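The structure file model_20.cif is reproduced below (mmCIF, C-alpha atoms).
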data_data
#
loop_
_atom_site.label_atom_id
_atom_site.label_comp_id
_atom_site.auth_asym_id
_atom_site.auth_seq_id
_atom_site.Cartn_x
_atom_site.Cartn_y
_atom_site.Cartn_z
CA MET P 1 58.51 90.19 163.26
CA THR P 2 55.63 88.61 163.94
CA ARG P 3 52.66 90.33 166.16
CA VAL P 4 52.06 89.59 167.67
CA PRO P 5 44.07 86.21 167.25
CA PRO P 6 34.57 81.68 166.41
CA PRO P 7 34.86 78.43 167.51
CA ALA P 8 32.21 76.87 169.68
CA ASP P 9 34.13 75.26 172.53
CA THR P 10 36.85 76.31 174.95
CA PRO P 11 40.03 74.27 175.36
CA ALA P 12 40.07 72.01 178.39
CA SER P 13 41.53 73.82 181.39
CA PRO P 14 43.62 72.20 184.13
CA GLU P 15 42.35 72.40 187.68
CA LEU P 16 42.73 75.81 189.29
CA SER P 17 45.05 75.98 192.22
CA GLU P 18 42.87 78.53 194.00
CA PRO P 19 39.23 79.61 193.88
CA PRO P 20 38.36 82.20 191.27
CA ASP P 21 38.68 85.81 192.33
CA PRO P 22 35.22 87.41 192.29
CA ALA P 23 36.85 90.69 191.22
CA ALA P 24 38.33 89.16 188.08
CA SER P 25 36.42 89.86 184.91
CA THR P 26 35.02 86.87 183.01
CA PRO P 27 32.95 88.39 180.21
CA THR P 28 30.33 86.55 178.26
CA PRO P 29 30.98 86.05 174.55
CA GLN P 30 28.74 89.05 173.84
CA ALA P 31 30.57 91.40 176.23
CA SER P 32 33.28 93.69 174.94
CA LEU P 33 36.81 92.90 176.03
CA TRP P 34 37.09 96.51 177.22
CA ARG P 35 34.98 95.32 180.17
CA ASN P 36 37.56 92.65 180.99
CA ARG P 37 39.78 94.62 183.35
CA ASP P 38 42.64 92.14 183.47
CA PHE P 39 42.86 91.80 179.70
CA THR P 40 42.82 95.60 179.45
CA ARG P 41 45.65 95.88 181.99
CA PHE P 42 47.68 93.35 180.07
CA TRP P 43 46.92 95.09 176.76
CA VAL P 44 48.00 98.50 178.10
CA GLY P 45 51.26 97.14 179.53
CA GLU P 46 52.13 95.24 176.37
CA THR P 47 51.29 98.20 174.12
CA VAL P 48 53.50 100.55 176.16
CA SER P 49 56.38 98.05 176.14
CA LEU P 50 56.05 97.66 172.36
CA LEU P 51 56.22 101.43 172.05
CA GLY P 52 59.53 101.35 173.90
CA THR P 53 60.73 98.46 171.75
CA GLN P 54 60.20 100.58 168.63
CA VAL P 55 62.56 103.17 170.11
CA THR P 56 65.21 100.52 170.72
CA ASN P 57 64.78 98.98 167.25
CA LEU P 58 65.88 102.28 165.75
CA ALA P 59 68.25 103.48 168.48
CA LEU P 60 70.44 100.36 168.72
CA PRO P 61 71.52 100.22 165.04
CA LEU P 62 71.93 104.00 164.96
CA THR P 63 74.12 103.72 168.07
CA ALA P 64 76.23 101.13 166.26
CA ILE P 65 76.46 103.31 163.14
CA GLY P 66 76.91 106.72 164.78
CA ALA P 67 78.92 105.94 167.89
CA PHE P 68 81.08 103.06 166.67
CA GLY P 69 81.10 103.42 162.85
CA ALA P 70 79.60 99.96 162.34
CA THR P 71 79.83 98.47 158.85
CA ASP P 72 76.84 97.07 156.95
CA ALA P 73 77.79 93.54 157.98
CA GLN P 74 78.11 94.57 161.65
CA VAL P 75 74.67 96.21 161.63
CA GLY P 76 73.25 93.04 160.08
CA LEU P 77 75.00 90.98 162.76
CA LEU P 78 73.52 93.20 165.48
CA ARG P 79 70.01 92.60 164.11
CA PHE P 80 70.79 88.88 163.83
CA LEU P 81 71.87 88.71 167.48
CA GLN P 82 68.65 90.42 168.59
CA LEU P 83 66.57 87.68 166.95
CA VAL P 84 68.75 84.55 166.89
CA PRO P 85 67.70 83.46 170.42
CA TYR P 86 64.29 82.69 168.90
CA LEU P 87 65.98 80.30 166.51
CA GLY P 88 68.04 78.53 169.18
CA LEU P 89 65.98 78.68 172.38
CA ALA P 90 62.28 79.13 171.63
CA MET P 91 61.52 75.38 171.45
CA LEU P 92 63.30 74.66 174.74
CA ILE P 93 61.61 77.58 176.47
CA GLY P 94 58.25 76.47 175.07
CA VAL P 95 58.59 73.07 176.77
CA TRP P 96 59.44 74.77 180.06
CA THR P 97 56.59 77.30 179.91
CA ASP P 98 54.04 74.50 179.39
CA ARG P 99 55.10 73.24 182.85
CA VAL P 100 54.84 76.51 184.82
CA ARG P 101 52.52 79.45 185.32
CA ARG P 102 53.29 82.09 182.72
CA ARG P 103 52.74 85.36 184.59
CA PRO P 104 55.75 84.99 186.97
CA VAL P 105 57.93 84.08 184.01
CA MET P 106 56.82 87.18 182.08
CA LEU P 107 57.51 89.35 185.13
CA GLY P 108 61.06 88.02 185.31
CA ALA P 109 61.64 88.50 181.58
CA ASN P 110 60.52 92.11 181.72
CA LEU P 111 62.71 92.80 184.75
CA VAL P 112 65.76 91.46 182.89
CA ARG P 113 65.01 93.61 179.83
CA LEU P 114 64.46 96.69 181.99
CA VAL P 115 67.85 96.32 183.74
CA LEU P 116 69.85 95.53 180.61
CA LEU P 117 68.48 98.39 178.54
CA ALA P 118 68.95 100.84 181.41
CA LEU P 119 72.63 99.84 181.33
CA VAL P 120 73.11 101.14 177.77
CA PRO P 121 73.05 104.89 178.59
CA LEU P 122 74.84 104.30 181.89
CA LEU P 123 77.71 102.46 180.18
CA TYR P 124 77.77 105.08 177.44
CA TRP P 125 78.12 107.91 179.96
CA ALA P 126 80.87 105.92 181.74
CA HIS P 127 82.70 105.41 178.39
CA ALA P 128 82.40 101.65 178.92
CA LEU P 129 80.09 100.92 175.97
CA ASP P 130 81.56 99.50 172.78
CA LEU P 131 80.21 97.47 169.87
CA PRO P 132 80.84 93.99 171.39
CA VAL P 133 79.13 95.04 174.64
CA LEU P 134 76.20 96.48 172.68
CA MET P 135 75.87 93.22 170.76
CA ALA P 136 76.00 91.18 173.98
CA ILE P 137 73.24 93.30 175.52
CA ALA P 138 71.14 93.01 172.35
CA CYS P 139 71.47 89.21 172.36
CA THR P 140 70.63 88.88 176.07
CA VAL P 141 67.60 91.14 175.68
CA GLY P 142 66.63 88.90 172.78
CA ILE P 143 66.74 85.84 175.07
CA ALA P 144 64.44 87.56 177.59
CA SER P 145 62.15 88.53 174.71
CA VAL P 146 61.90 84.87 173.66
CA VAL P 147 60.77 83.96 177.17
CA PHE P 148 58.13 86.70 177.26
CA ASP P 149 56.83 86.15 173.72
CA VAL P 150 56.44 82.40 174.12
CA CYS P 151 54.42 83.05 177.30
CA TRP P 152 52.12 85.94 176.40
CA MET P 153 50.24 84.31 173.54
CA SER P 154 49.56 81.29 175.75
CA TYR P 155 48.55 83.59 178.61
CA VAL P 156 45.88 85.57 176.73
CA PRO P 157 43.41 82.62 176.66
CA VAL P 158 43.67 82.59 180.49
CA LEU P 159 42.34 86.15 180.54
CA VAL P 160 39.93 85.69 177.60
CA ARG P 161 37.98 82.58 178.53
CA SER P 162 35.62 82.49 175.55
CA PRO P 163 37.03 81.32 172.20
CA ALA P 164 34.35 83.46 170.57
CA GLN P 165 36.46 86.45 171.67
CA TYR P 166 39.79 85.21 170.28
CA VAL P 167 39.45 87.28 167.10
CA GLU P 168 38.55 90.36 169.16
CA ALA P 169 41.51 89.73 171.49
CA GLY P 170 43.84 89.28 168.52
CA ALA P 171 42.51 92.43 166.91
CA ARG P 172 43.02 94.42 170.14
CA MET P 173 46.57 93.12 170.59
CA SER P 174 47.34 93.80 166.93
CA ALA P 175 45.87 97.29 167.16
CA GLY P 176 48.02 98.02 170.21
CA ALA P 177 51.11 96.77 168.41
CA SER P 178 50.22 98.82 165.35
CA ALA P 179 49.63 101.93 167.47
CA ALA P 180 53.11 101.41 168.92
CA ASP P 181 54.43 101.02 165.38
CA VAL P 182 52.87 104.36 164.48
CA ALA P 183 54.03 106.35 167.50
CA GLY P 184 57.29 104.51 168.24
CA PRO P 185 59.50 105.32 165.24
CA GLY P 186 58.55 109.00 165.29
CA LEU P 187 59.24 109.15 169.02
CA ALA P 188 62.50 107.29 168.44
CA GLY P 189 63.57 109.73 165.74
CA VAL P 190 62.90 112.73 167.97
CA LEU P 191 64.67 111.17 170.96
CA VAL P 192 67.67 110.07 168.91
CA SER P 193 68.01 113.55 167.44
CA ALA P 194 67.56 115.30 170.79
CA LEU P 195 69.39 112.95 173.20
CA GLY P 196 71.55 110.73 171.05
CA ALA P 197 70.86 107.11 170.19
CA PRO P 198 72.37 105.46 173.32
CA VAL P 199 70.40 107.66 175.73
CA ALA P 200 67.13 107.16 173.83
CA VAL P 201 67.20 103.46 174.78
CA VAL P 202 66.27 104.39 178.37
CA VAL P 203 62.68 104.98 177.14
CA ASP P 204 62.39 101.26 176.42
CA ALA P 205 63.58 100.46 179.95
CA CYS P 206 60.83 102.69 181.34
CA SER P 207 58.25 100.97 179.14
CA TYR P 208 59.13 97.60 180.65
CA ALA P 209 58.54 99.09 184.10
CA VAL P 210 54.99 99.95 183.01
CA SER P 211 54.50 96.40 181.73
CA LEU P 212 55.75 95.00 185.05
CA VAL P 213 53.18 97.04 186.98
CA SER P 214 50.35 96.01 184.64
CA LEU P 215 51.18 92.32 185.14
CA LEU P 216 51.31 92.76 188.92
CA LEU P 217 47.80 94.28 188.88
CA ILE P 218 46.21 91.27 187.13
CA ARG P 219 43.91 89.29 189.45
CA THR P 220 42.61 86.48 187.22
CA PRO P 221 43.89 83.17 188.67
CA GLU P 222 46.11 81.25 186.29
CA PRO P 223 45.46 77.49 186.08
CA ARG P 224 48.14 75.24 187.51
CA PRO P 225 49.72 73.21 184.69
CA GLY P 226 48.74 69.57 184.73
CA PRO P 227 51.20 66.90 185.86
CA VAL P 228 54.04 66.32 183.43
CA ALA P 229 54.56 62.77 182.27
CA GLU P 230 58.03 61.31 182.55
CA ARG P 231 59.19 62.03 179.05
CA ARG P 232 62.51 62.93 177.58
CA LEU P 233 63.14 66.55 176.73
CA TRP P 234 63.84 65.83 173.06
CA ARG P 235 60.43 64.12 172.78
CA GLU P 236 58.64 67.18 174.17
CA LEU P 237 60.62 69.43 171.85
CA GLY P 238 59.51 67.27 168.95
CA ASP P 239 55.88 67.42 170.09
CA GLY P 240 55.64 71.16 169.53
CA LEU P 241 57.30 71.13 166.13
CA GLY P 242 55.44 67.98 165.15
CA TRP P 243 52.09 69.52 166.14
CA VAL P 244 52.75 72.37 163.72
CA LEU P 245 54.31 70.41 160.87
CA ARG P 246 51.78 67.53 160.86
CA ASP P 247 48.82 69.87 160.38
CA ARG P 248 48.70 71.23 156.84
CA VAL P 249 47.13 74.55 157.90
CA LEU P 250 49.55 75.22 160.74
CA ARG P 251 52.47 74.02 158.62
CA SER P 252 51.56 76.42 155.83
CA LEU P 253 51.14 79.31 158.28
CA ALA P 254 54.57 78.61 159.76
CA LEU P 255 56.52 78.18 156.51
CA ILE P 256 54.97 81.17 154.76
CA GLY P 257 55.41 83.15 157.99
CA PHE P 258 59.12 82.27 157.91
CA CYS P 259 59.36 83.75 154.41
CA CYS P 260 57.37 86.86 155.36
CA ASN P 261 59.53 87.57 158.40
CA PHE P 262 62.69 86.98 156.38
CA SER P 263 61.42 89.50 153.84
CA MET P 264 60.31 92.13 156.36
CA ILE P 265 63.49 92.11 158.48
CA THR P 266 65.73 91.96 155.41
CA VAL P 267 64.01 94.95 153.79
CA TRP P 268 63.80 96.91 157.07
CA THR P 269 67.53 96.46 157.78
CA MET P 270 68.57 97.16 154.19
CA PHE P 271 66.45 100.29 154.09
CA LEU P 272 67.97 101.53 157.35
CA LEU P 273 71.46 101.10 155.86
CA TYR P 274 70.34 102.64 152.55
CA GLY P 275 68.77 105.64 154.26
CA ALA P 276 71.61 106.25 156.71
CA HIS P 277 74.59 105.57 154.42
CA ASP P 278 73.47 106.28 150.84
CA LEU P 279 70.73 108.90 151.24
CA HIS P 280 72.08 110.45 154.46
CA LEU P 281 68.64 110.59 156.08
CA GLY P 282 68.72 111.64 159.72
CA GLY P 283 67.22 109.70 162.62
CA ALA P 284 64.15 111.98 162.70
CA THR P 285 63.48 111.42 158.98
CA LEU P 286 63.91 107.65 159.22
CA GLY P 287 61.63 107.59 162.25
CA ALA P 288 59.04 109.66 160.41
CA VAL P 289 59.07 107.24 157.44
CA PHE P 290 58.43 104.24 159.67
CA ALA P 291 55.88 106.09 161.84
CA THR P 292 53.84 107.33 158.88
CA ALA P 293 53.94 103.96 157.14
CA SER P 294 52.90 102.17 160.34
CA VAL P 295 49.50 103.83 160.14
CA GLY P 296 48.79 101.03 157.67
CA GLY P 297 49.24 98.43 160.39
CA LEU P 298 46.89 100.29 162.71
CA ILE P 299 44.25 100.57 159.98
CA GLY P 300 44.63 96.87 159.17
CA ALA P 301 44.23 95.82 162.81
CA LEU P 302 41.20 98.07 163.32
CA LEU P 303 39.48 96.80 160.17
CA SER P 304 40.42 93.14 160.58
CA ARG P 305 37.34 92.00 162.54
CA LYS P 306 34.89 93.53 160.05
CA VAL P 307 36.82 92.20 157.07
CA ILE P 308 37.04 88.69 158.58
CA ALA P 309 33.31 88.74 159.38
CA ARG P 310 32.38 89.78 155.82
CA PHE P 311 34.70 87.71 153.62
CA PRO P 312 35.96 84.10 153.70
CA LEU P 313 38.87 83.78 156.12
CA GLY P 314 41.22 82.27 153.54
CA ARG P 315 40.60 85.02 151.03
CA VAL P 316 41.36 87.66 153.66
CA TYR P 317 44.61 85.87 154.48
CA LEU P 318 45.60 85.57 150.81
CA VAL P 319 45.03 89.24 150.01
CA ALA P 320 46.63 90.55 153.21
CA GLN P 321 49.77 88.41 152.89
CA SER P 322 50.08 89.26 149.19
CA VAL P 323 50.02 92.98 149.98
CA LEU P 324 52.68 92.40 152.65
CA LEU P 325 54.95 90.52 150.26
CA LEU P 326 54.53 92.88 147.30
CA GLY P 327 55.02 96.09 149.32
CA PRO P 328 58.87 95.97 149.22
CA SER P 329 58.88 96.20 145.41
CA LEU P 330 58.15 99.94 145.64
CA ILE P 331 61.43 100.78 147.42
CA PRO P 332 63.91 100.05 144.59
CA LEU P 333 61.51 101.78 142.16
CA ALA P 334 61.61 105.03 144.15
CA ALA P 335 63.31 107.83 142.20
CA GLY P 336 63.09 111.56 141.57
CA PRO P 337 63.12 114.51 143.98
CA ARG P 338 63.66 113.75 147.67
CA PRO P 339 59.98 114.27 148.69
CA VAL P 340 58.78 111.89 145.97
CA THR P 341 61.35 109.27 146.94
CA VAL P 342 60.44 109.46 150.62
CA ALA P 343 56.73 109.21 149.71
CA MET P 344 57.43 105.99 147.81
CA PHE P 345 59.26 104.61 150.82
CA VAL P 346 56.29 105.46 153.03
CA LEU P 347 53.85 103.85 150.59
CA SER P 348 55.93 100.66 150.48
CA PHE P 349 56.05 100.24 154.24
CA PHE P 350 52.40 101.36 154.53
CA ALA P 351 51.34 98.47 152.27
CA THR P 352 53.51 95.99 154.16
CA TYR P 353 52.19 97.05 157.57
CA LEU P 354 48.58 97.11 156.29
CA GLY P 355 48.87 93.51 155.16
CA LEU P 356 50.54 92.53 158.43
CA GLY P 357 47.82 94.19 160.49
CA VAL P 358 45.09 92.08 158.90
CA ALA P 359 47.02 88.84 158.36
CA GLY P 360 48.36 88.81 161.92
CA VAL P 361 44.85 88.60 163.38
CA VAL P 362 43.95 85.71 161.06
CA ILE P 363 47.15 83.82 161.86
CA VAL P 364 46.97 84.13 165.65
CA SER P 365 43.25 83.28 165.68
CA LEU P 366 43.89 80.11 163.69
CA ARG P 367 46.76 79.07 165.93
CA GLN P 368 44.75 79.57 169.11
CA ALA P 369 41.64 77.86 167.70
CA MET P 370 43.52 74.79 166.46
CA THR P 371 45.66 74.15 169.56
CA PRO P 372 44.61 72.92 173.03
CA GLN P 373 45.90 74.80 176.07
CA SER P 374 48.19 71.90 177.02
CA MET P 375 50.11 72.38 173.75
CA MET P 376 49.89 76.16 173.51
CA GLY P 377 53.39 76.96 174.79
CA ARG P 378 55.09 74.38 172.59
CA MET P 379 53.04 75.40 169.54
CA THR P 380 53.88 79.06 170.14
CA ALA P 381 57.55 78.18 170.58
CA ALA P 382 57.60 76.24 167.32
CA PHE P 383 56.09 79.22 165.50
CA ARG P 384 58.46 81.64 167.22
CA THR P 385 61.42 79.48 166.18
CA LEU P 386 60.37 79.53 162.54
CA LEU P 387 59.06 83.10 162.34
CA PHE P 388 61.82 84.84 164.25
CA GLY P 389 64.38 82.44 162.83
CA GLY P 390 63.39 83.88 159.48
CA GLY P 391 63.79 87.37 160.90
CA ALA P 392 67.21 86.58 162.37
CA LEU P 393 68.49 85.14 159.09
CA GLY P 394 66.95 88.11 157.28
CA GLY P 395 68.94 90.56 159.38
CA LEU P 396 72.16 88.66 158.73
CA ALA P 397 71.40 88.36 154.99
CA ALA P 398 70.64 92.09 154.82
CA GLY P 399 74.07 93.07 156.08
CA LEU P 400 75.90 90.59 153.86
CA LEU P 401 73.93 91.38 150.69
CA THR P 402 74.20 95.13 151.21
CA GLY P 403 77.95 94.83 151.64
CA ARG P 404 78.25 92.79 148.43
CA LEU P 405 75.61 94.34 146.13
CA GLY P 406 75.19 97.80 147.57
CA ALA P 407 72.01 98.90 149.31
CA HIS P 408 69.95 99.50 146.16
CA GLY P 409 70.96 96.21 144.54
CA ALA P 410 70.27 94.32 147.76
CA LEU P 411 66.82 95.92 148.07
CA THR P 412 66.00 94.92 144.49
CA THR P 413 67.03 91.31 145.17
CA ALA P 414 64.96 91.23 148.36
CA ALA P 415 61.89 92.65 146.58
CA VAL P 416 62.03 89.99 143.85
CA GLY P 417 62.43 87.18 146.42
CA SER P 418 59.55 88.53 148.49
CA ALA P 419 57.20 88.71 145.49
CA ALA P 420 58.03 85.10 144.58
CA VAL P 421 56.50 83.87 147.86
CA VAL P 422 53.04 84.90 146.55
CA VAL P 423 53.07 81.69 144.49
CA ALA P 424 53.18 79.65 147.72
CA LEU P 425 50.26 81.68 149.05
CA LEU P 426 48.12 80.78 146.04
CA VAL P 427 48.46 77.03 146.71
CA SER P 428 48.30 77.28 150.52
CA PRO P 429 45.43 75.39 152.23
CA VAL P 430 44.95 78.44 154.46
CA SER P 431 43.86 80.49 151.45
CA ARG P 432 40.95 78.06 150.90
CA LEU P 433 39.50 78.25 154.43
CA LYS P 434 36.04 79.78 154.79
CA ALA P 435 36.04 80.25 158.60
CA LEU P 436 37.88 79.36 161.79
CA PRO P 437 37.83 75.60 162.52
CA SER P 438 36.47 74.21 165.79
CA VAL P 439 38.67 74.38 168.87
CA ARG P 440 40.72 71.26 169.49
CA ARG P 441 40.26 70.08 173.05
CA GLU P 442 42.90 67.41 173.44
CA GLU P 443 46.49 66.88 172.44
CA PRO P 444 46.84 63.87 170.14
CA VAL P 445 48.44 60.81 171.70
CA ALA P 446 51.91 60.24 170.34
CA SER P 447 52.46 56.89 168.73
#
Would you write the structure of this file as structure tokens?
Amino acid sequence: MTRVPPPADTPASPELSEPPDPAASTPTPQASLWRNRDFTRFWVGETVSLLGTQVTNLALPLTAIGAFGATDAQVGLLRFLQLVPYLGLAMLIGVWTDRVRRRPVMLGANLVRLVLLALVPLLYWAHALDLPVLMAIACTVGIASVVFDVCWMSYVPVLVRSPAQYVEAGARMSAGASAADVAGPGLAGVLVSALGAPVAVVVDACSYAVSLVSLLLIRTPEPRPGPVAERRLWRELGDGLGWVLRDRVLRSLALIGFCCNFSMITVWTMFLLYGAHDLHLGGATLGAVFATASVGGLIGALLSRKVIARFPLGRVYLVAQSVLLLGPSLIPLAAGPRPVTVAMFVLSFFATYLGLGVAGVVIVSLRQAMTPQSMMGRMTAAFRTLLFGGGALGGLAAGLLTGRLGAHGALTTAAVGSAAVVVALLVSPVSRLKALPSVRREEPVAS
């Protein structure tokens, strides 16, 4: 569940297909991104859509549990199907998106997600919704999400022309995502309690409509991709993964990110099963736990620029990721009266989201600074494959482990595994960086 970023030079840009629009904002490095109207439009649309996604993240598994009596393994499978398209398709989609303009692709992806999620309450009212149909919709929405996510991170540098603003752009995007994390679960809990889980999903459909409009209002011309050499598809797929794995910094970011996403999705899914089945917490209470804890992510995103400016970049990364990985250890330790137990749950997720809010800005900034625009889609796809592949496997492992060990035993196992990843952080080359490296202009020539 990765969120979803000051070098001296900009990446080389392909020739524009049309003259620049005088109305489009192109701020100087000193100007605030709030003065960049197109970036602000994109940020608003993405933040609103992420708010809707938070509703769906809670409503879909609660629909499976409440409406269809889904088992632990089936809930884990549902979460797996939401994320497994990243594991199977992100690399292929990354090659494609490096050949086309990204904005039309993102518009199509959001339209698909809007229609499919609007079908959930309609099918439910028509008594045509069952668990296999719900899983099929979740998987197809996941495919559209792969398309959008591979595109948007490559699209932001089109709107933010100065690499000196990459950290600010990453911080703004992270803050928007964290704000959605704060408001979304609480909204989801209220909607699920008031309307029922299947009907609550319609809020996510409406959020994608807002994102569609925001994309349509953007006026900054997008560069036409350069001519594509006659190369085999498997070679281009290998380029993206090779770009990440050959560089020790990017490789470390990707592999540790895989472990972090595995941990976060595993713990999130296990806790949902633990809260719903073992503790009998209602949708509103579960939503309130996630909403209150998500304040940590918002605080982390808002503080990230100042922290990065004051301390060495690698040290910030090390501390933030360590907090993320050690946060789950508080959940199996929670005991005592119900208010105390719930407070421990909140503190655990608060720590995890706080670490994510800061680390996410460092990670995205490094990825954008170290990759030329011509490789951005394939690099993003390689990261998405590894990061969300970890999340997909985490969801599947959560259901299987909970079914075998019980929710509390599974949470204990997950906490121990998560804490062990801190050892890899201590030896990571990222933890020794002092600042962002210079922007790489050109893609290396393959031998």
Evaluate the PyMOL selection byres ((chain P and resi 63) around 10) and report residues as number ranges by chain: P: 56, 58-62, 64-70, 75, 130-131, 134, 192, 196-201
In Å to one decimal, how far is atom CA of Arg367 of chain P from atom CA of Leu217 of chain P?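 Separation between atom CA of Leu217 of chain P and atom CA of Arg367 of chain P: 27.6 Å.
If you measure from each of P:Gly297, P:Gly394, P:Pro372, P:Pro221 to Gly176 of chain P using all atoms listed in the file, the closest one turns out to be P:Gly297.
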Using all atoms listed in the file, what does the table of segment 241-340 of chain P residues within 6 Å of segment 352-364 of chain P look like, with each row giving the shortest atom pair and its distance in Å to one decimal, sorted by chain and ascending number, as a tab-separated table?
residue	atom	partner	partner_atom	distance
P:Ser294	CA	P:Tyr353	CA	5.9
P:Gly296	CA	P:Leu354	CA	4.2
P:Gly297	CA	P:Tyr353	CA	4.3
P:Gly300	CA	P:Gly357	CA	4.4
P:Ala301	CA	P:Gly357	CA	4.6
P:Ser304	CA	P:Val358	CA	5.1
P:Tyr317	CA	P:Ala359	CA	5.4
P:Ala320	CA	P:Gly355	CA	4.2
P:Gln321	CA	P:Gly355	CA	5.7
P:Val323	CA	P:Gly355	CA	5.3
P:Leu324	CA	P:Thr352	CA	4.0
P:Gly327	CA	P:Thr352	CA	5.1
Surrounding residues of Phe39 of chain P excluding itself and chain neighbours under 6 positions, 12 Å, only C-alpha atoms, as an MDAnalysis selection string: chainID P and resid 24:27 32:33 45:47 152 155:161 165:166 168:170 172:173 214:215 217:220
Distance criterion (only C-alpha atoms): nearest to Leu313 of chain P out of P:Leu366, P:Ala397, P:Ala351, P:Val421: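 For Leu313 of chain P, the nearest of the given residues is P:Leu366.
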Quick one: everything within 6 Å of segment 94-104 of chain P, counting only C-alpha atoms, minus sequence neighbours fewer than 5 positions away in the same chain. Send it as a compact mmCIF listing (two decimals) with C-alpha atoms, keeping the file's coordinate frame.
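And here's result20.txt as it stands now:
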# COMPACT_ATOMS: atom_id res chain seq x y z
CA CYS P 151 54.42 83.05 177.30
CA PRO P 225 49.72 73.21 184.69
CA GLY P 377 53.39 76.96 174.79
CA ARG P 378 55.09 74.38 172.59
CA ALA P 381 57.55 78.18 170.58
How far is it from atom CA of Pro223 of chain P to atom CA of Leu386 of chain P, in Å with one decimal?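 It comes out at 27.9 Å.
When you apply the PyMOL selection byres ((chain P and resi 406) around 12) to this structure, what comes back is Asp72, Ala73, Met270, Phe271, Leu273, Tyr274, His277, Asp278, Pro332, Ala398, Gly399, Leu400, Leu401, Thr402, Gly403, Arg404, Leu405, Ala407, His408, Gly409, Ala410, Leu411, Thr412 and Thr413 of chain P.
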Create the file for the chosen residues now, containing C-alpha atoms and written as an mmCIF file, keeping the file's coordinate frame.
data_model
loop_
_atom_site.group_PDB
_atom_site.id
_atom_site.type_symbol
_atom_site.label_atom_id
_atom_site.label_comp_id
_atom_site.auth_asym_id
_atom_site.auth_seq_id
_atom_site.Cartn_x
_atom_site.Cartn_y
_atom_site.Cartn_z
ATOM 1 C CA ASP P 72 76.840 97.070 156.950
ATOM 2 C CA ALA P 73 77.790 93.540 157.980
ATOM 3 C CA MET P 270 68.570 97.160 154.190
ATOM 4 C CA PHE P 271 66.450 100.290 154.090
ATOM 5 C CA LEU P 273 71.460 101.100 155.860
ATOM 6 C CA TYR P 274 70.340 102.640 152.550
ATOM 7 C CA HIS P 277 74.590 105.570 154.420
ATOM 8 C CA ASP P 278 73.470 106.280 150.840
ATOM 9 C CA PRO P 332 63.910 100.050 144.590
ATOM 10 C CA ALA P 398 70.640 92.090 154.820
ATOM 11 C CA GLY P 399 74.070 93.070 156.080
ATOM 12 C CA LEU P 400 75.900 90.590 153.860
ATOM 13 C CA LEU P 401 73.930 91.380 150.690
ATOM 14 C CA THR P 402 74.200 95.130 151.210
ATOM 15 C CA GLY P 403 77.950 94.830 151.640
ATOM 16 C CA ARG P 404 78.250 92.790 148.430
ATOM 17 C CA LEU P 405 75.610 94.340 146.130
ATOM 18 C CA ALA P 407 72.010 98.900 149.310
ATOM 19 C CA HIS P 408 69.950 99.500 146.160
ATOM 20 C CA GLY P 409 70.960 96.210 144.540
ATOM 21 C CA ALA P 410 70.270 94.320 147.760
ATOM 22 C CA LEU P 411 66.820 95.920 148.070
ATOM 23 C CA THR P 412 66.000 94.920 144.490
ATOM 24 C CA THR P 413 67.030 91.310 145.170
#
Pairwise distance, atom CA of Leu281 of chain P with atom CA of Gln54 of chain P, equals 18.1 Å
Residue members of the PyMOL selection byres ((chain P and resi 115-122) around 10) in the file shown, as number ranges by chain: P: 56, 60, 110-114, 123-130, 133-134, 137-138, 140-141, 196-206, 208-209
Starting from 5 Å padding per side, set up an axis-aligned box that covers all listed atoms of segment 277-283 of chain P and hand over centre and edge lengths in Å, one decimal, as lines of an AutoDock Vina configuration file.
center_x = 70.9
center_y = 108.6
center_z = 156.7
size_x = 17.4
size_y = 16.1
size_z = 21.8
Excluding same-chain residues fewer than 5 positions from Leu92 of chain P, what lies within 12 Å of it counting all atoms listed in the file, as a PyMOL selection string? chain P and resi 85-87+97-99+143+146-147+150+233-241+377-382+384-385
Which of these residues is nearest to Val295 of chain P, using only C-alpha atoms: P:Ala183, P:Ala335, P:Leu253, P:Val44?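 Counting only C-alpha atoms, the residue closest to Val295 of chain P is P:Ala183.
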Have a look at P:Leu272, P:Leu325, P:Leu318, P:Ala392 and name the one nearest to Lys434 of chain P; count all atoms listed in the file. P:Leu318
Val416 of chain P proximity check over P:Pro328, P:Leu436, P:Gln373, P:Pro339, using all atoms listed in the file: winner is P:Pro328
